[in-house]
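Okay, so here's the structure we're looking at.
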Amino acid sequence: AYMLTVGTFMLMAGRLADIIGKKSLYISGFIVFTIGSALCGLSQNIGMLIAFRVFQALGAVMLAALGTAIITEAFPPQERGMALGIGGMMVSIGLISGPAIGGLILGVASWRWIFFVNLPIGIIGTMMAWYFVPAYRPGVKESFDFLGAAIMFIGLLALLLGLTIGQYLGYAHPYVVGLFAGFFIALLLFVQIEKRVTHPMIDLSIFKNSLFSVNLITGFITFVSVAGVTLLMPFYLQNILSYPPSQAGLLLAVFPLGMGLIAPLAGWLSDRWGTRRLTTVGLFLLLFGYLSASTLNESSTVEDYVLRFLPLGIGMGVFQSPNNSAIMGTVSRQRLGIASGLLSLTRTVGQTIGIALIGAVWAGLVQSYLQVQGFTDVTNAPPFIQVIALQQVLVGVSLLIGSAFIMSLWALWKEKRK
């Protein structure tokens, strides 16, 4: 419920910020998220918890959709990459520390404190946003495209529900096929509506900029890849290599650690060298990392894992900050909110697709090998079968990243011709 709310309202928050201003909406996000956290912690049953999680997610939408836009608006172009890189580092620190802190809280207190711990953070965040976030006012008055927003909401809801339900019912199930069909119909309707309205939800002309489109697509591909592989790694570390959860958790932190350490440096370099060369180098490192990871097996050591996943984290760090800077640098100030919303949406949808698609491919490969061996239980498949399926999935992910690398090379060649 939380992720569906975040995914479906992301673009609306970005567009609304372009119309009424970012600061007020960002502060409102902190307030709603904080109140939602308190209500979640006070929930008396699962129905209340789900409902309050939706309310909490409405606050999270305003924060997630606008952070990148506020950074872009607050810093001059020659400092934008560095600023976004520091933002990326903070995200990585959160990915590393969040599960660890959550585990510590659950070790000494009830689950309710997972939500109550957000209260002082939300209050401090609200105060900091009030004092430090610049209050730029939109220069031109525009109306909100309610029809376009409604169609986009329906389409994204159908897509995300289809991806989620498909993991349980199968992607060939009539309900799931119907949801995917609904998404494509809504997408076609949305495009037609946006071409006709005076103030569209998304100004489709921004996609005519090849730099913007290529960076958005390659960013989406990296999120699909990272989310899918991140889903499978705990199974490999615990089921195949028999590491305890604590050690597996430390190893999973290798990727965000590498990303967090390199992101500010990559952002700083992009301010001086330009974004395209760095995004291309980042994609090459990701390609090298995924191909290396495809050689992991039942006898791999901790060193084997680290030497393969640290380049992945570094590659993502080299790629993401310049990529975000390139995307945000191609739109006018009046479109920063929707561009930031699109960036966040590609992350959310990419991660959802990655988990659903790559998880399903891995399970399907295991199932096919089990049938040959005379077994049927995927979760208890022999280790060598799970490893073969994992290796093949990682090769497939490498091909996916390879396509993004080729797109980036094409964009680099096109820029040099200009």
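Following the order of the structure tokens, first chain is A, next is B, and so on, with residues numbered from 1 inside each chain and ligands from 1 in the order they appear.
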
Which polymer residues have any atom within 12 Å of an atom of Leu252 (chain A), counting only C-alpha atoms, with same-chain residues fewer than 4 positions away left out, as number ranges by chain? A: 92, 95-97, 99-100, 226, 229-238, 243, 245-248, 256-258, 302, 305-306, 308-310, 312-313

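Near region 204-207 of chain A, within 12 Å and counting only C-alpha atoms, sit Phe190, Val191, Gln192, Ile193, Glu194, Lys195, Arg196, Val197, Ser213, Val214, Asn215, Leu216, Ile217, Ile327, Met328, Gly329, Thr330, Val331, Ser332, Gln334, Arg335, Leu336, Ile338, Ala339 and Leu342 of chain A, not including residues fewer than 6 positions from it in the same chain.
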
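For region 59-64 of chain A, the residues within 7 Å (counting only C-alpha atoms, excluding itself and residues fewer than 4 positions away along the chain) are Val6, Phe9, Met10, Ala13, Leu25, Tyr26, Gly29, Phe30, Val32, Phe33 and Ser344 of chain A.
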
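Minimum distance to Leu42 (chain A) across A:Val318, A:Ile20, A:Trp113, A:Met90 (counting only C-alpha atoms) occurs at A:Trp113.
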
Surrounding residues of Ile353 (chain A) excluding itself and chain neighbours under 4 positions, 8 Å, only C-alpha atoms, as a list in words: Leu163, Val224, Val349, Leu357 and Ile358 of chain A

Take the residues from that selection and write them out as a PDB file, in the first residue's frame, keeping all heavy atoms.
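As written to disk, selection02.pdb reads:
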ATOM      1  N   LEU A 163       2.340  -5.846 -11.582  1.00  0.00           N
ATOM      2  CA  LEU A 163       3.667  -6.366 -11.249  1.00  0.00           C
ATOM      3  C   LEU A 163       3.667  -7.068  -9.899  1.00  0.00           C
ATOM      4  O   LEU A 163       4.346  -8.079  -9.704  1.00  0.00           O
ATOM      5  CB  LEU A 163       4.677  -5.217 -11.232  1.00  0.00           C
ATOM      6  CG  LEU A 163       5.029  -4.607 -12.592  1.00  0.00           C
ATOM      7  CD1 LEU A 163       5.805  -3.318 -12.417  1.00  0.00           C
ATOM      8  CD2 LEU A 163       5.830  -5.612 -13.422  1.00  0.00           C
ATOM      9  N   VAL A 224      16.263  -1.143 -12.442  1.00  0.00           N
ATOM     10  CA  VAL A 224      15.721  -2.489 -12.654  1.00  0.00           C
ATOM     11  C   VAL A 224      16.770  -3.529 -12.276  1.00  0.00           C
ATOM     12  O   VAL A 224      16.491  -4.492 -11.548  1.00  0.00           O
ATOM     13  CB  VAL A 224      15.300  -2.675 -14.132  1.00  0.00           C
ATOM     14  CG1 VAL A 224      14.966  -4.135 -14.410  1.00  0.00           C
ATOM     15  CG2 VAL A 224      14.095  -1.801 -14.465  1.00  0.00           C
ATOM     16  N   VAL A 349       9.380   2.693 -10.128  1.00  0.00           N
ATOM     17  CA  VAL A 349       8.867   1.694 -11.080  1.00  0.00           C
ATOM     18  C   VAL A 349       9.977   0.736 -11.493  1.00  0.00           C
ATOM     19  O   VAL A 349       9.757  -0.471 -11.630  1.00  0.00           O
ATOM     20  CB  VAL A 349       8.253   2.389 -12.312  1.00  0.00           C
ATOM     21  CG1 VAL A 349       7.819   1.362 -13.351  1.00  0.00           C
ATOM     22  CG2 VAL A 349       7.052   3.240 -11.898  1.00  0.00           C
ATOM     23  N   LEU A 357      10.387  -8.887 -12.209  1.00  0.00           N
ATOM     24  CA  LEU A 357      10.867  -9.543 -13.420  1.00  0.00           C
ATOM     25  C   LEU A 357      12.049 -10.468 -13.139  1.00  0.00           C
ATOM     26  O   LEU A 357      12.028 -11.654 -13.504  1.00  0.00           O
ATOM     27  CB  LEU A 357      11.260  -8.489 -14.456  1.00  0.00           C
ATOM     28  CG  LEU A 357      11.816  -9.001 -15.777  1.00  0.00           C
ATOM     29  CD1 LEU A 357      10.770  -9.820 -16.510  1.00  0.00           C
ATOM     30  CD2 LEU A 357      12.292  -7.843 -16.653  1.00  0.00           C
ATOM     31  N   ILE A 358      13.080  -9.940 -12.492  1.00  0.00           N
ATOM     32  CA  ILE A 358      14.277 -10.744 -12.261  1.00  0.00           C
ATOM     33  C   ILE A 358      14.003 -11.869 -11.277  1.00  0.00           C
ATOM     34  O   ILE A 358      14.495 -12.995 -11.436  1.00  0.00           O
ATOM     35  CB  ILE A 358      15.430  -9.833 -11.791  1.00  0.00           C
ATOM     36  CG1 ILE A 358      15.809  -8.883 -12.924  1.00  0.00           C
ATOM     37  CG2 ILE A 358      16.645 -10.658 -11.352  1.00  0.00           C
ATOM     38  CD1 ILE A 358      16.886  -7.879 -12.577  1.00  0.00           C
TER      39      ILE A 358
END
